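**Student:** Enclosed is the structure file final-v4.cif (mmCIF, C-alpha atoms).
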data_entry
loop_
_atom_site.label_atom_id
_atom_site.label_comp_id
_atom_site.auth_asym_id
_atom_site.auth_seq_id
_atom_site.Cartn_x
_atom_site.Cartn_y
_atom_site.Cartn_z
CA VAL A 1464 -8.43 20.81 17.05
CA VAL A 1465 -10.46 23.54 18.73
CA LEU A 1466 -8.64 26.87 18.88
CA ALA A 1467 -9.64 29.49 21.42
CA GLY A 1468 -8.50 33.01 22.15
CA VAL A 1469 -9.49 36.62 21.78
CA GLY A 1470 -9.45 38.96 18.82
CA GLY A 1471 -5.98 40.22 18.00
CA GLN A 1472 -4.11 37.14 19.25
CA GLY A 1473 -3.81 35.45 15.88
CA VAL A 1474 -6.27 32.59 16.37
CA LEU A 1475 -7.24 32.73 12.70
CA THR A 1476 -3.56 32.76 11.71
CA VAL A 1477 -2.98 29.60 13.74
CA ALA A 1478 -5.99 27.96 12.10
CA SER A 1479 -4.67 28.89 8.66
CA LEU A 1480 -1.23 27.46 9.46
CA LEU A 1481 -2.67 24.18 10.73
CA ALA A 1482 -5.04 23.85 7.78
CA GLU A 1483 -2.36 24.62 5.20
CA ALA A 1484 0.08 22.19 6.82
CA GLY A 1485 -2.63 19.53 6.74
CA PHE A 1486 -3.22 20.11 3.03
CA ARG A 1487 0.51 19.89 2.35
CA GLU A 1488 0.67 16.62 4.30
CA GLY A 1489 -2.06 15.20 2.06
CA LEU A 1490 -4.70 15.14 4.80
CA VAL A 1491 -8.36 15.95 4.41
CA VAL A 1492 -8.86 19.33 6.08
CA ALA A 1493 -11.96 21.18 7.20
CA GLN A 1494 -11.75 24.55 8.91
CA GLY A 1495 -14.70 26.19 10.62
CA GLU A 1496 -15.53 29.15 12.76
CA LEU A 1497 -17.64 28.74 15.87
CA HIS A 1498 -17.87 32.36 16.93
CA GLY A 1499 -16.69 35.19 14.75
CA MET A 1500 -14.34 37.91 15.81
CA SER A 1501 -16.75 40.73 16.56
CA GLN A 1502 -14.09 43.05 17.86
CA ARG A 1503 -10.48 43.14 18.92
CA GLY A 1504 -10.49 41.50 22.34
CA GLY A 1505 -13.72 39.56 21.71
CA ALA A 1506 -13.85 35.77 21.98
CA VAL A 1507 -12.67 33.85 18.90
CA GLN A 1508 -13.08 30.10 18.45
CA THR A 1509 -12.21 28.15 15.34
CA THR A 1510 -11.85 24.51 14.47
CA VAL A 1511 -9.48 22.61 12.24
CA ARG A 1512 -10.28 19.00 11.45
CA LEU A 1513 -7.47 16.87 10.03
CA GLY A 1514 -8.05 13.34 8.78
CA ASP A 1515 -6.79 10.69 6.44
CA GLY A 1516 -10.32 10.08 5.15
CA PRO A 1517 -13.58 11.98 4.78
CA VAL A 1518 -14.24 14.59 7.47
CA ALA A 1519 -17.88 14.95 8.47
CA GLY A 1520 -18.15 18.73 8.52
CA ASP A 1521 -15.99 21.58 9.65
CA LEU A 1522 -17.16 21.91 13.26
CA VAL A 1523 -15.86 19.69 16.05
CA PRO A 1524 -18.68 18.10 18.07
CA LEU A 1525 -18.60 18.31 21.86
CA GLY A 1526 -16.37 15.70 23.45
CA THR A 1527 -14.44 14.83 20.29
CA ALA A 1528 -11.48 17.24 20.02
CA GLY A 1529 -8.07 15.62 20.31
CA VAL A 1530 -6.63 19.02 21.19
CA VAL A 1531 -8.02 22.23 22.63
CA LEU A 1532 -5.38 24.86 21.91
CA GLY A 1533 -5.83 28.11 23.80
CA LEU A 1534 -4.08 31.38 23.19
CA GLU A 1535 -5.86 32.71 26.29
CA PRO A 1536 -6.51 30.53 29.36
CA LEU A 1537 -10.10 31.50 30.14
CA GLU A 1538 -11.13 31.00 26.53
CA ALA A 1539 -9.40 27.60 26.57
CA LEU A 1540 -11.41 26.63 29.65
CA ARG A 1541 -14.61 27.67 27.89
CA CYS A 1542 -13.77 25.16 25.17
CA LEU A 1543 -13.10 22.31 27.58
CA PRO A 1544 -16.46 20.61 26.76
CA PHE A 1545 -15.11 19.99 23.24
CA LEU A 1546 -12.18 17.91 24.52
CA ALA A 1547 -12.37 14.16 23.96
CA PRO A 1548 -11.50 11.75 26.75
CA GLY A 1549 -7.74 11.38 26.52
CA GLY A 1550 -7.44 14.63 24.57
CA THR A 1551 -5.00 17.40 25.44
CA LEU A 1552 -5.76 20.88 26.76
CA LEU A 1553 -2.87 23.18 25.95
CA THR A 1554 -2.94 26.91 26.58
CA SER A 1555 -0.85 30.01 26.89
CA THR A 1556 -0.74 31.52 30.36
CA GLU A 1557 -1.20 35.06 29.05
CA ARG A 1558 -4.43 36.63 30.26
CA LYS A 1559 -6.00 39.16 27.93
CA GLY A 1560 -7.72 42.01 29.66
CA ASP A 1561 -8.61 42.53 33.28
CA LEU A 1562 -12.34 42.54 32.88
CA ALA A 1563 -14.55 42.57 35.93
CA GLY A 1564 -15.32 38.99 36.83
CA TYR A 1565 -12.21 37.50 35.25
CA PRO A 1566 -11.36 34.61 37.59
CA ALA A 1567 -8.12 35.12 39.50
CA ASP A 1568 -7.66 31.35 39.67
CA VAL A 1569 -7.88 30.68 35.92
CA ILE A 1570 -4.38 29.17 35.73
CA ASP A 1571 -5.15 26.89 38.68
CA ARG A 1572 -8.36 25.83 36.96
CA VAL A 1573 -6.51 24.95 33.75
CA ALA A 1574 -3.98 22.94 35.75
CA ALA A 1575 -6.78 21.18 37.66
CA ALA A 1576 -8.32 20.20 34.31
CA GLY A 1577 -5.03 18.54 33.37
CA GLY A 1578 -4.03 21.29 30.97
CA MET A 1579 -0.50 22.01 29.81
CA LEU A 1580 0.45 25.63 30.44
CA VAL A 1581 2.93 27.51 28.26
CA ASP A 1582 4.31 30.97 28.93
CA ALA A 1583 4.17 31.71 25.22
CA LYS A 1584 4.64 35.45 25.67
CA ALA A 1585 7.94 34.99 27.52
CA LEU A 1586 9.15 32.43 24.99
CA ALA A 1587 8.30 34.71 22.07
CA ARG A 1588 10.19 37.55 23.72
CA SER A 1589 13.15 35.27 24.42
CA VAL A 1590 13.60 34.72 20.67
CA GLN A 1591 13.06 38.42 19.85
CA ALA A 1592 9.64 37.74 18.31
CA PRO A 1593 7.29 39.33 20.86
CA ARG A 1594 4.30 39.32 18.52
CA SER A 1595 4.63 35.59 17.78
CA SER A 1596 3.29 33.94 20.92
CA ASN A 1597 0.59 32.33 18.77
CA VAL A 1598 3.29 30.58 16.73
CA VAL A 1599 4.98 29.46 19.97
CA MET A 1600 1.70 27.70 20.75
CA VAL A 1601 1.69 26.08 17.31
CA GLY A 1602 5.12 24.65 18.12
CA ALA A 1603 3.96 23.42 21.51
CA ALA A 1604 0.96 21.67 19.93
CA LEU A 1605 2.74 20.28 16.87
CA PRO A 1606 3.83 16.96 18.46
CA LEU A 1607 0.14 16.27 19.22
CA LEU A 1608 -0.85 16.67 15.56
CA PRO A 1609 -0.23 14.60 12.41
CA LEU A 1610 1.93 17.36 10.95
CA ALA A 1611 5.66 17.43 10.28
CA VAL A 1612 7.85 20.23 11.58
CA VAL A 1613 9.38 20.78 8.14
CA THR A 1614 5.91 21.19 6.65
CA MET A 1615 4.96 23.77 9.28
CA GLU A 1616 8.21 25.64 8.68
CA GLY A 1617 7.34 25.87 4.98
CA CYS A 1618 3.86 27.16 5.81
CA ILE A 1619 5.34 29.82 8.08
CA ARG A 1620 7.82 30.90 5.42
CA ASP A 1621 5.06 31.23 2.84
CA LEU A 1622 2.48 32.90 5.09
CA PHE A 1623 4.85 35.56 6.40
CA ALA A 1624 7.06 36.03 3.30
CA ALA A 1625 5.40 39.30 2.31
CA ARG A 1626 6.31 40.78 5.70
CA GLY A 1627 10.01 40.23 5.13
CA PRO A 1628 12.77 37.92 6.31
CA LYS A 1629 12.90 39.33 9.85
CA VAL A 1630 9.25 38.39 10.45
CA VAL A 1631 9.74 34.97 8.85
CA ASP A 1632 12.83 34.27 10.95
CA GLY A 1633 11.11 35.48 14.12
CA ASN A 1634 8.15 33.17 13.54
CA LEU A 1635 10.41 30.22 12.79
CA ALA A 1636 12.27 30.91 16.04
CA ALA A 1637 8.92 31.10 17.86
CA LEU A 1638 7.90 27.74 16.40
CA ARG A 1639 11.16 26.18 17.63
CA ALA A 1640 10.70 27.74 21.08
CA GLY A 1641 7.28 26.10 21.30
CA LEU A 1642 8.70 22.77 20.12
CA GLY A 1643 11.25 23.03 22.93
CA VAL A 1644 8.47 23.34 25.49
CA ALA A 1645 6.61 20.40 24.01
CA ALA A 1646 9.68 18.20 24.32
CA ARG A 1647 9.99 18.82 28.06
CA PRO A 1648 8.42 16.32 30.46
#
Turn this file's structure into structure tokens for me.

**Tutor:**
Amino acid sequence: VVLAGVGGQGVLTVASLLAEAGFREGLVVAQGELHGMSQRGGAVQTTVRLGDGPVAGDLVPLGTAGVVLGLEPLEALRCLPFLAPGGTLLTSTERKGDLAGYPADVIDRVAAAGGMLVDAKALARSVQAPRSSNVVMVGAALPLLPLAVVTMEGCIRDLFAARGPKVVDGNLAALRAGLGVAARP
């Protein structure tokens, strides 16, 4: 899995959830960072490799990712070269920033690349968890991964426990909202 977004979106949180769920499922897990978060709003790319046998390193080579999961559509498009033939491009529709040169047709370009688009921000708001659009995207991607829903729910409970039951419940609701999107044709 190649994860793409911008600083402040929770890309590293998503990577941690996927990696922890993989460990709990008994998979071999390798997590790597392609480009560090230099600042809030800067590009962030991470990788999570999940396997039932040895994993040859923590970075995903070009053309081999089963999933490119974007929390920001332009950043997801930038990671398209990592996608394997038959892999899935899945991204949130939420654009971060209106920088000069940001392509107005980014959503059309994702769709043209065969990507699945998720309005994660609206879904997170619909379950009263507006800061959990990243977890919505975890739910949307979960059916593509060798991870059980119950395992991911446990990871969410543990990761957010220190923030209190309201945050845990909001993130669990966000996960379910994303699963609902994934189940739609």

**Student:** In Å to one decimal, how far is atom CA of Leu1607 of chain A from atom CA of Leu1622 of chain A?

**Tutor:** 21.9 Å

**Student:** Expand the PyMOL selection byres ((chain A and resi 1590-1598) around 12) into the explicit residue set it covers here, and present it as a VMD selection string.

**Tutor:** chain A and resid 1466 to 1469 1471 to 1481 1532 to 1535 1554 to 1557 1581 to 1589 1599 to 1605 1615 to 1616 1618 to 1619 1622 to 1623 1629 to 1642

**Student:** Please measure the separation of atom CA of Thr1551 of chain A and atom CA of Val1492 of chain A, giving the value in Å to one decimal.

**Tutor:**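 Result for atom CA of Thr1551 of chain A versus atom CA of Val1492 of chain A: 19.8 Å, one decimal.
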
**Student:** Calculated over all atoms listed in the file, which of the candidates A:Val1612, A:Met1579, A:Leu1537, A:Ala1493 has the smallest distance to Val1518 of chain A?

**Tutor:**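 So, comparing all the options, the nearest one is A:Ala1493.
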
**Student:** Quick one: of A:Val1644, A:Leu1540, A:Leu1552, A:Val1573, who's nearest to Val1464 of chain A, counting all atoms listed in the file?

**Tutor:** A:Leu1552

**Student:** Apply the PyMOL selection byres ((chain A and resi 1510) around 9) to the structure shown and report the selected residues as a ChimeraX atom specification.

**Tutor:** /A:1464-1467,1478,1493-1497,1508-1509,1511-1512,1521-1523

**Student:** Suppose a student applies the PyMOL selection byres ((chain A and resi 1529) around 6) to this structure; what residues should they get, written as a list of chain:residue names?

**Tutor:**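 On the file shown, the PyMOL selection byres ((chain A and resi 1529) around 6) covers A:Ala1528, A:Val1530, A:Ala1547, A:Gly1550.
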
**Student:** One decimal, in Å: what's the spacing between atom CA of Arg1558 of chain A and atom CA of Leu1610 of chain A?

**Tutor:**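 For atom CA of Arg1558 of chain A relative to atom CA of Leu1610 of chain A, the distance reads 28.0 Å.
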
**Student:** Find the residue from A:Gly1549, A:Pro1609, A:Pro1566, A:Pro1628 that sits nearest to Asp1515 of chain A; use only C-alpha atoms when measuring.

**Tutor:**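 For Asp1515 of chain A, the nearest of the candidates is A:Pro1609.
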
**Student:** Excluding Leu1543 of chain A and its own-chain neighbours fewer than 2 positions away, which residues fall within 9 Å of it when counting all atoms listed in the file? Please give them as a PyMOL selection string.

**Tutor:** chain A and resi 1525-1526+1531+1538-1541+1545-1547+1552+1576

**Student:** Determine the nearest neighbour of Arg1487 of chain A from the options A:Gly1514, A:Gly1627, A:Gly1643, A:Gly1617, counting all atoms listed in the file.

**Tutor:**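 Checking each of A:Gly1514, A:Gly1627, A:Gly1643, A:Gly1617 against Arg1487 of chain A, counting all atoms listed in the file, the winner is A:Gly1617.
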